[in-house]
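Read the structure below first, then the notes.
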Amino acid sequence: MRPRLVLLLALLGIAAGTATMVRRHRARVADLDSRMTRAAQRYLSLEAAATAREETAWSATQNLRAADSWCALTTDAVQSATQPWEVWGQTLGRWPGLAAVSTASEGYRKFGWVWERLTWRPTPTSRSDLLAGVSEINWELLLSRGDDRVALTASVAIRWPAANATTPEASEPLALDLLRLTQPQGRIQFRPVQEFLLQPPTNTLFADPLLFQSTPAGPELLLISARQRFQLRAPAGSPAAAASVWQAGPTLEGLPPDHALAAALADFNGDGWNDLCLGGRDGLWIALGDGTGGFAPPVLRWRSPEPLIHPECLALADIDRDGDLDVWLTQYKNPYQLGQFPTPYYDALDGFRSFLLRNDGPTGFTDVTESAGLAPKNRRRTYSASWLDLNGDGAPDLINISDFAGLDVFLNDGRGHFIDGTAALGDNRHAFGMAHAVVDRNGDDRPDLLMVGMDSPWAARLDALTLGLPEFPEHTRQRAAMTAGNRVFLNSPAGLRWETTPETRSLAHAGWAWGVAELDVENDGRPDYFFATGHETRASQRDYERQFWLHDIYAAGSTNDPAAELYFQAAMGRRSADHASYGGWQHQALLRNAGTNGYVESAWLSGVGFLADGRNALAADFDGDGRVDLALTTVEGWPRPQQRLVIFLNETPSPGNWIGLRFGTGPGRKSAVNSRIELQTTTGTQRRWLVTGDGYRTQQTDQVHFGLGTQSEIRSAVVIWADGSRTELQRPAINRWHTVP
């Protein structure tokens with residue numbers, strides 16, 4: 001063939017190929033344009049539907065919306081003022097219902113008290129009042145002077161006369177005279193002694209998980225994602241515990257560079273030292289402990305068949321009774337991202353997969369999720385989980401706590417296969433589940449459960465108004481259960497049941513709670529609960545929550561949706577322009593056990609009402625003086641982006657008697673994971689269960705502390721190990737720590 005002809009044919013071939021490529025490119029562009037057009041059109045329809053609902057299905061909330069907006073803007077003006085006392089006196093302080101607060105606050109001001117924070121919060125009232133435009137609003141003014149704290153609170157009814165009104169009406173008949181002046185007796189009980197800025201790596205927003213470990217040199221706090229270690233050490237020449245200080249220790253090197261590590265401490269190889277177990281993008285890693293608090297480089301012991309997107313929790317137990325620890329590795333999935341939303345919002349099964357990993361010893365771990373019967377619900381958006389023998393048969397059962405679902409229970413048949421027992425819990429198991437604590441509510445030998453969940457003023461008022469969208473009846477029916485807040489499940493031969501007594505109802509409300517830590521503040525023998533609270537505090541007390549309940553839960557489904565993504569981004573953009581919060585402006589909560597009077601919130605008055613968005617909560621006797629201390633982490637976006645570790649020292653004057661148990665380490669020592677401790681006194685028995693996975697991305701200490709009050713004699717302290725064996729200490733001395741042999 002002639003060279004010119006060959007060249008011509010080649011050129012024709014290139015031209016034909018180029019034409020085909022152009023046609024394909026144009027088709028792709030046209031398809032992309034078509035998809036973008038459809039997404040834009042659907043986005044506009046979502047916006048139009050939301051606007052229409054405001055005027056139809058949600059029209060009865062117009063006065064509430066106006067009143068809430070006025071309360072937020074007025075409170076913002078007071079709180080942000082250079083001289084808040086003056087602005088308060090000119091606005092809210094002139095209301096009849098708040099006049100007593102104004103008078104009292106002015107008296108404190110004259111004696112040098114400092115204005116800290118003014119907040120407001122709506123509370124549910126009757127349907128007739130709400131329809132008449134009447135809202136009940138709680139205001140709280142926090143003051144400080146040195147170590148002293150005061151909270152001035154009042155509840156005031158306001159009426160919004162019409163949707164086009166500019167201010168509410170407030171008169172004497174509408175003012176609820178519920179003024180309470182509260183301050184502690186004597187000095188505060190907790191002092192924030194140290195705080196550290198946390199520095200997450202560039203590839204993650206997380207500094208946690210937060211872990212506590214005892215080492216031969218003293219206690220340590222580990223922030224795994226941030227690779228930071230904090231050690232309690234006594235200065236040279238000062239062995240006294242009171243002189244001890246926390247200091248940053250050597251960084252944790254060699255950990256996987258993942259963005260959402262899950263972590264737990266336990267002895268995996270039977271040498272008596274705690275190892276570091278990690279859930280990362282590639283799978284499950286084990287870093288063997290060296291006995292000094294250090295760890296060898298982690299080794300990948302199970303490779304996931306797919307990249308793990310958001311490892312969240314590790315729950316450890318010997319589920320098949322072969323003598324080693326198996327792992328339930330859970331994941332969380334954030335809502336809103338890429339236009340997906342948990343569907344249904346009360347029972348979502350659309351998250352990333354969780355895995356049950358059987359420990360096969362030297363050969364690593366095997367995924368047995370499906371054969372164990374856990375696959376049908378392994379796509380929960382799980383925050384916490386623990387293994388716990390619920391029915392006393394010696395086999396660990398699984399409790400799983402999820403956002404957008406709540407509590408699931410799986411009963412072990414004794415051979416490592418699980419039966420779903422969730423249905424027996426009823427609707428009350430539905431919750432925005434964040435964490436849990438294993439508790440002993442009724443003094444029997446069965447573990448009870450405190451599930452951490454959020455409450456919602458907006459949801460409560462929608463329920464009072466009996467409002468909902470008719471095309472989503474189950475969304476409306478499940479709303480009350482989802483927002484019941486913290487709840488206690490009592491364990492009995494019939495299984496777990498929600499306990500609804502006045503005492504447990506007083507434990508329900510801690511706001512937007514994340515982590516929880518059980519502690520006995522005064523050593524009176526009655527456990528108290530500390531909650532890390534607050535989601536996203538911004539400059540304004542206007543809150544995104546109304547948008548969530550009126551629109552977001554209806555706007556999208558479980559799959560990625562460009563139109564819904566535009567819709568959510570627009571809503572978040574409006575929130576950003578307003579500097580609005582989302583579940584913010586909450587101080588941490590400390591619910592103190594007052595016996596038959598229920599639980600009383602006293603975080604501010606006790607010194608732990610930290611004014612920042614909290615996440616991890618950990619309780620331990622750091623300095624060994626018999627009073628349980630606290631550690632808290634924060635994730636703050638305002639007034640400046642930062643994360644902190646804050647350590648509180650318990651300085652309760654004249655606390656009750658106490659006793660503490662520590663577990664020895666080293667060759668021949670058993671792991672304390674999944675053991676039960678019983679303290680028998682002349683007046684009864686106290687119990688503790690040592691589990692993993694219960695706190696929000698936090699592993700509590702394996703120190704066991706019991707407050708005794710006025711009791712001065714202990715009959716025995718018994719450790720029931722995970723394998724059923726027992727170790728007993730006869731008549732141990734009080735007011736000291738004992739090492740379990």
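By convention here, the chains of the structure tokens are called A, B, ... in the order presented, each chain's residues are numbered starting at 1, and ligands are numbered starting at 1 in the order presented.
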
Find the residues near Gln680 in chain A: any atom within 10 Å, counting only C-alpha atoms, skip ones fewer than 6 places away on the same chain, and give them as a list in words.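 With the cut-off at 10 Å, the set is Gln686, Arg687, Glu713, Ile714, Arg715, Ser716, Ala717, Val718, Gln730 and Arg731 of chain A.
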
Output N, CA, C and O atoms for every residue in the selection just made, as a short mmCIF file (atom, residue, chain, number, x, y, z; two decimals), in the first residue's frame.
```cif
data_model
loop_
_atom_site.label_atom_id
_atom_site.label_comp_id
_atom_site.auth_asym_id
_atom_site.auth_seq_id
_atom_site.Cartn_x
_atom_site.Cartn_y
_atom_site.Cartn_z
N GLN A 686 -22.97 -3.54 97.32
CA GLN A 686 -22.78 -2.68 96.14
C GLN A 686 -22.07 -3.49 95.07
O GLN A 686 -21.24 -4.35 95.37
N ARG A 687 -22.39 -3.18 93.80
CA ARG A 687 -21.80 -3.93 92.69
C ARG A 687 -21.29 -2.98 91.62
O ARG A 687 -21.82 -1.90 91.41
N GLU A 713 -17.33 -0.67 108.40
CA GLU A 713 -16.89 -2.07 108.36
C GLU A 713 -17.35 -2.72 107.07
O GLU A 713 -18.50 -2.56 106.65
N ILE A 714 -16.45 -3.47 106.45
CA ILE A 714 -16.75 -4.22 105.24
C ILE A 714 -16.57 -5.70 105.52
O ILE A 714 -15.54 -6.12 106.07
N ARG A 715 -17.56 -6.48 105.15
CA ARG A 715 -17.45 -7.92 105.37
C ARG A 715 -16.53 -8.58 104.34
O ARG A 715 -15.69 -9.40 104.70
N SER A 716 -16.70 -8.22 103.08
CA SER A 716 -15.84 -8.81 102.05
C SER A 716 -15.95 -8.02 100.76
O SER A 716 -16.93 -7.30 100.52
N ALA A 717 -14.91 -8.14 99.95
CA ALA A 717 -14.91 -7.62 98.59
C ALA A 717 -14.60 -8.81 97.68
O ALA A 717 -13.58 -9.49 97.85
N VAL A 718 -15.50 -9.08 96.74
CA VAL A 718 -15.41 -10.28 95.91
C VAL A 718 -15.31 -9.87 94.44
O VAL A 718 -16.10 -9.06 93.96
N GLN A 730 -11.29 -10.73 102.55
CA GLN A 730 -12.09 -10.73 103.77
C GLN A 730 -11.78 -9.50 104.62
O GLN A 730 -10.63 -9.19 104.90
N ARG A 731 -12.84 -8.81 105.02
CA ARG A 731 -12.77 -7.65 105.91
C ARG A 731 -11.63 -6.68 105.54
O ARG A 731 -10.76 -6.37 106.37
#
```

Residues at most 9 Å from Ala556 in chain A, counting only C-alpha atoms, excluding those fewer than 6 positions away in the same chain, as a PyMOL selection string? chain A and resi 336+339-343+563-565

How about saving the chosen residues, C-alpha atoms kept, as a PDB file, in the first residue's frame?
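Output below, filename selection.pdb:
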```pdb
ATOM      1  CA  TYR A 336     -26.269  14.996  56.109  1.00  0.00           C
ATOM      2  CA  GLY A 339     -27.310  14.416  51.004  1.00  0.00           C
ATOM      3  CA  GLN A 340     -28.128  11.215  52.892  1.00  0.00           C
ATOM      4  CA  PHE A 341     -30.075  11.151  56.140  1.00  0.00           C
ATOM      5  CA  PRO A 342     -30.720   8.262  58.567  1.00  0.00           C
ATOM      6  CA  THR A 343     -33.969   6.655  57.446  1.00  0.00           C
ATOM      7  CA  ALA A 563     -30.610  17.639  45.632  1.00  0.00           C
ATOM      8  CA  ALA A 564     -30.863  16.928  49.338  1.00  0.00           C
ATOM      9  CA  GLU A 565     -27.200  17.851  49.722  1.00  0.00           C
TER      10      GLU A 565
END
```

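The shortest atom-to-atom distance to Ile401 in chain A, with only C-alpha atoms taken into account, belongs to A:Lys377 out of A:Arg497, A:Arg191, A:Arg109, A:Lys377.
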
Find the spatial neighbours of Thr692 in chain A, counting only C-alpha atoms, within a cut-off of 8 Å - ignore same-chain residues fewer than 6 positions away - and output them as number ranges by chain. A: 264, 314-316, 385-387, 673-674, 699-700

Write out as a VMD selection string which residues come within 9 Å of Leu64 in chain A when counting only C-alpha atoms, dropping same-chain ones fewer than 4 positions away. chain A and resid 60 68 to 69 130 133 to 135 160

Output N, CA, C and O atoms for every residue in the selection just made, as a compact mmCIF listing (two decimals), in the first residue's frame.
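And here's selection26.txt as it stands now:
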```
# COMPACT_ATOMS: atom_id res chain seq x y z
N ALA A 60 -49.46 26.20 63.27
CA ALA A 60 -49.74 26.40 64.70
C ALA A 60 -48.48 26.71 65.50
O ALA A 60 -48.57 27.08 66.67
N ASP A 68 -39.58 32.24 70.22
CA ASP A 68 -38.23 31.70 70.38
C ASP A 68 -37.19 32.63 69.77
O ASP A 68 -36.11 32.85 70.34
N SER A 69 -37.50 33.16 68.59
CA SER A 69 -36.56 34.06 67.94
C SER A 69 -36.33 35.31 68.78
O SER A 69 -35.19 35.76 68.95
N LEU A 130 -50.20 26.64 74.28
CA LEU A 130 -49.38 26.77 73.09
C LEU A 130 -50.20 27.33 71.93
O LEU A 130 -49.72 28.18 71.16
N GLY A 133 -50.56 30.94 72.01
CA GLY A 133 -49.32 31.70 71.86
C GLY A 133 -48.54 31.86 73.14
O GLY A 133 -47.65 32.71 73.22
N VAL A 134 -48.84 31.05 74.17
CA VAL A 134 -48.16 31.16 75.45
C VAL A 134 -47.01 30.16 75.50
O VAL A 134 -47.20 28.96 75.26
N SER A 135 -45.83 30.64 75.80
CA SER A 135 -44.65 29.79 75.95
C SER A 135 -44.11 29.94 77.36
O SER A 135 -44.12 31.03 77.93
N TRP A 160 -47.17 35.44 72.83
CA TRP A 160 -46.93 36.13 71.57
C TRP A 160 -48.31 36.41 70.98
O TRP A 160 -49.02 35.51 70.56
```

Compile the contact shell of Leu221 in chain A as a PyMOL selection string: residues with an atom at most 8 Å away, counting only C-alpha atoms, same-chain residues fewer than 6 positions apart removed. chain A and resi 210-213+229-231

With distances taken over only C-alpha atoms, which residue among A:Val78, A:Asp561, A:Arg53, A:Thr119 lies nearest Arg38 in chain A?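 With only C-alpha atoms as the atom set, the closest residue is A:Asp561.
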
Expected answer as a list of chain:residue names: helix (DSSP H, G or I) residues in range 231-410 of chain A: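 Going through range 231-410 of chain A, the helix (DSSP H, G or I) residues come out as A:Ala241, A:Ala242, A:Ala243, A:Gln337, A:Leu338, A:Gly339, A:Gly361, A:Pro362, A:Thr363, A:Ala375, A:Pro376, A:Lys377.
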
Selected residues, N, CA and C atoms, written as a PDB file, in the first residue's frame, please.
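Final file, part.pdb:
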```
ATOM      1  N   ALA A 241       0.792  13.376  97.079  1.00  0.00           N
ATOM      2  CA  ALA A 241      -0.152  13.347  95.963  1.00  0.00           C
ATOM      3  C   ALA A 241      -0.695  14.735  95.665  1.00  0.00           C
ATOM      4  N   ALA A 242      -0.872  15.558  96.714  1.00  0.00           N
ATOM      5  CA  ALA A 242      -1.440  16.888  96.521  1.00  0.00           C
ATOM      6  C   ALA A 242      -0.558  17.766  95.651  1.00  0.00           C
ATOM      7  N   ALA A 243       0.735  17.455  95.588  1.00  0.00           N
ATOM      8  CA  ALA A 243       1.658  18.266  94.789  1.00  0.00           C
ATOM      9  C   ALA A 243       1.809  17.736  93.370  1.00  0.00           C
ATOM     10  N   GLN A 337     -24.111  14.201  55.253  1.00  0.00           N
ATOM     11  CA  GLN A 337     -23.036  14.179  54.264  1.00  0.00           C
ATOM     12  C   GLN A 337     -23.518  13.554  52.961  1.00  0.00           C
ATOM     13  N   LEU A 338     -23.230  14.238  51.845  1.00  0.00           N
ATOM     14  CA  LEU A 338     -23.602  13.805  50.493  1.00  0.00           C
ATOM     15  C   LEU A 338     -25.110  13.674  50.328  1.00  0.00           C
ATOM     16  N   GLY A 339     -25.862  14.379  51.171  1.00  0.00           N
ATOM     17  CA  GLY A 339     -27.310  14.416  51.004  1.00  0.00           C
ATOM     18  C   GLY A 339     -28.065  13.220  51.530  1.00  0.00           C
ATOM     19  N   GLY A 361      -6.320 -16.543  68.081  1.00  0.00           N
ATOM     20  CA  GLY A 361      -4.975 -16.675  68.627  1.00  0.00           C
ATOM     21  C   GLY A 361      -3.919 -16.197  67.660  1.00  0.00           C
ATOM     22  N   PRO A 362      -2.852 -16.973  67.490  1.00  0.00           N
ATOM     23  CA  PRO A 362      -1.722 -16.527  66.651  1.00  0.00           C
ATOM     24  C   PRO A 362      -2.104 -16.246  65.204  1.00  0.00           C
ATOM     25  N   THR A 363      -3.183 -16.849  64.723  1.00  0.00           N
ATOM     26  CA  THR A 363      -3.554 -16.660  63.313  1.00  0.00           C
ATOM     27  C   THR A 363      -4.359 -15.391  63.078  1.00  0.00           C
ATOM     28  N   ALA A 375     -25.585 -10.071  61.618  1.00  0.00           N
ATOM     29  CA  ALA A 375     -25.580  -9.335  60.355  1.00  0.00           C
ATOM     30  C   ALA A 375     -26.851  -8.525  60.108  1.00  0.00           C
ATOM     31  N   PRO A 376     -28.045  -9.003  60.499  1.00  0.00           N
ATOM     32  CA  PRO A 376     -29.250  -8.219  60.174  1.00  0.00           C
ATOM     33  C   PRO A 376     -29.256  -6.806  60.735  1.00  0.00           C
ATOM     34  N   LYS A 377     -28.509  -6.551  61.804  1.00  0.00           N
ATOM     35  CA  LYS A 377     -28.505  -5.201  62.376  1.00  0.00           C
ATOM     36  C   LYS A 377     -27.091  -4.627  62.496  1.00  0.00           C
TER      37      LYS A 377
END
```

Test item, strand (DSSP E or B) assignment across range 434-653 of chain A, answer as a ChimeraX atom specification: /A:435-439,448-452,455,484,487-492,495-499,513-519,528-533,536,543,581-582,589-593,599-601,614-620,629-636,642-650

Pick out the residues sitting within 10 Å of Pro655 in chain A, and hand them over as a PyMOL selection string; count only C-alpha atoms, and ignore anything fewer than 4 positions along from it in its own chain. chain A and resi 520-524+626-627+651+707-710

Could those residues be written to a file, using all heavy atoms, as a JSON list (two decimals), in the first residue's frame?
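Okay, this is what ended up in out-v7.json:
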```json
[["chain", "number", "residue", "atom", "x", "y", "z"],
["A", 520, "ASP", "N", -19.14, 8.64, 92.72],
["A", 520, "ASP", "CA", -19.76, 8.99, 94.00],
["A", 520, "ASP", "C", -19.01, 10.22, 94.52],
["A", 520, "ASP", "O", -17.93, 10.10, 95.11],
["A", 520, "ASP", "CB", -19.65, 7.82, 94.98],
["A", 520, "ASP", "CG", -20.44, 8.05, 96.26],
["A", 520, "ASP", "OD1", -20.78, 9.21, 96.55],
["A", 520, "ASP", "OD2", -20.69, 7.06, 96.99],
["A", 521, "VAL", "N", -19.57, 11.39, 94.29],
["A", 521, "VAL", "CA", -18.86, 12.65, 94.56],
["A", 521, "VAL", "C", -18.47, 12.77, 96.03],
["A", 521, "VAL", "O", -17.34, 13.11, 96.37],
["A", 521, "VAL", "CB", -19.72, 13.86, 94.13],
["A", 521, "VAL", "CG1", -19.06, 15.16, 94.57],
["A", 521, "VAL", "CG2", -19.94, 13.84, 92.63],
["A", 522, "GLU", "N", -19.40, 12.48, 96.92],
["A", 522, "GLU", "CA", -19.19, 12.71, 98.35],
["A", 522, "GLU", "C", -18.92, 11.43, 99.13],
["A", 522, "GLU", "O", -18.87, 11.46, 100.35],
["A", 522, "GLU", "CB", -20.39, 13.42, 98.95],
["A", 522, "GLU", "CG", -20.59, 14.82, 98.41],
["A", 522, "GLU", "CD", -21.79, 15.51, 99.02],
["A", 522, "GLU", "OE1", -22.86, 14.88, 99.10],
["A", 522, "GLU", "OE2", -21.64, 16.68, 99.43],
["A", 523, "ASN", "N", -18.78, 10.30, 98.42],
["A", 523, "ASN", "CA", -18.59, 9.01, 99.09],
["A", 523, "ASN", "C", -19.73, 8.70, 100.05],
["A", 523, "ASN", "O", -19.54, 8.16, 101.13],
["A", 523, "ASN", "CB", -17.25, 8.97, 99.86],
["A", 523, "ASN", "CG", -16.06, 9.00, 98.94],
["A", 523, "ASN", "OD1", -16.17, 8.70, 97.76],
["A", 523, "ASN", "ND2", -14.91, 9.39, 99.46],
["A", 524, "ASP", "N", -20.96, 9.04, 99.63],
["A", 524, "ASP", "CA", -22.12, 8.77, 100.49],
["A", 524, "ASP", "C", -22.79, 7.45, 100.17],
["A", 524, "ASP", "O", -23.82, 7.11, 100.75],
["A", 524, "ASP", "CB", -23.14, 9.91, 100.40],
["A", 524, "ASP", "CG", -23.64, 10.14, 98.98],
["A", 524, "ASP", "OD1", -23.33, 9.33, 98.08],
["A", 524, "ASP", "OD2", -24.35, 11.15, 98.77],
["A", 626, "GLY", "N", -8.99, 8.97, 97.56],
["A", 626, "GLY", "CA", -10.30, 8.42, 97.87],
["A", 626, "GLY", "C", -11.45, 9.25, 97.36],
["A", 626, "GLY", "O", -12.61, 8.87, 97.53],
["A", 627, "ARG", "N", -11.18, 10.39, 96.73],
["A", 627, "ARG", "CA", -12.23, 11.21, 96.12],
["A", 627, "ARG", "C", -12.09, 11.12, 94.60],
["A", 627, "ARG", "O", -11.00, 11.34, 94.05],
["A", 627, "ARG", "CB", -12.12, 12.65, 96.60],
["A", 627, "ARG", "CG", -12.42, 12.82, 98.08],
["A", 627, "ARG", "CD", -12.16, 14.23, 98.58],
["A", 627, "ARG", "NE", -10.74, 14.55, 98.62],
["A", 627, "ARG", "CZ", -10.23, 15.66, 99.16],
["A", 627, "ARG", "NH1", -11.06, 16.55, 99.70],
["A", 627, "ARG", "NH2", -8.94, 15.88, 99.16],
["A", 651, "GLU", "N", -12.33, 18.07, 95.49],
["A", 651, "GLU", "CA", -11.88, 18.59, 96.78],
["A", 651, "GLU", "C", -13.02, 18.64, 97.79],
["A", 651, "GLU", "O", -13.06, 19.52, 98.66],
["A", 651, "GLU", "CB", -11.27, 19.99, 96.59],
["A", 651, "GLU", "CG", -10.04, 20.00, 95.71],
["A", 651, "GLU", "CD", -9.45, 21.39, 95.53],
["A", 651, "GLU", "OE1", -10.20, 22.37, 95.72],
["A", 651, "GLU", "OE2", -8.26, 21.49, 95.21],
["A", 707, "GLY", "N", -18.11, 4.44, 97.52],
["A", 707, "GLY", "CA", -18.39, 5.30, 98.65],
["A", 707, "GLY", "C", -19.16, 4.53, 99.70],
["A", 707, "GLY", "O", -20.02, 3.69, 99.39],
["A", 708, "LEU", "N", -18.87, 4.79, 100.97],
["A", 708, "LEU", "CA", -19.47, 4.04, 102.07],
["A", 708, "LEU", "C", -20.31, 4.89, 103.00],
["A", 708, "LEU", "O", -21.01, 4.35, 103.87],
["A", 708, "LEU", "CB", -18.38, 3.34, 102.89],
["A", 708, "LEU", "CG", -17.47, 2.36, 102.14],
["A", 708, "LEU", "CD1", -16.35, 1.88, 103.06],
["A", 708, "LEU", "CD2", -18.28, 1.18, 101.61],
["A", 709, "GLY", "N", -20.26, 6.20, 102.87],
["A", 709, "GLY", "CA", -20.98, 7.05, 103.81],
["A", 709, "GLY", "C", -20.42, 6.90, 105.21],
["A", 709, "GLY", "O", -19.21, 7.02, 105.44],
["A", 710, "THR", "N", -21.29, 6.60, 106.16],
["A", 710, "THR", "CA", -20.86, 6.45, 107.56],
["A", 710, "THR", "C", -20.48, 5.03, 107.91],
["A", 710, "THR", "O", -20.10, 4.76, 109.05],
["A", 710, "THR", "CB", -21.98, 6.93, 108.50],
["A", 710, "THR", "OG1", -23.17, 6.15, 108.25],
["A", 710, "THR", "CG2", -22.28, 8.41, 108.28]]
```

Out of A:Trp285, A:Ala234, A:Phe548, A:Trp689, which residue has the shortest atom-to-atom distance to Leu390 in chain A when counting only C-alpha atoms? A:Trp689

Could you jot down the CA of His436 in chain A to CA of Ser384 in chain A separation for me, Å, one decimal place?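 So the answer is 7.0 Å.
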
Give me, please, the distance in Å between CA of Gln41 in chain A and CA of Ala571 in chain A, quoted to one decimal. 16.7 Å

So which one's closest to Ala494 in chain A, A:Leu425, A:Ala66, A:Ala481, A:Leu590? Using only C-alpha atoms, please. A:Leu425
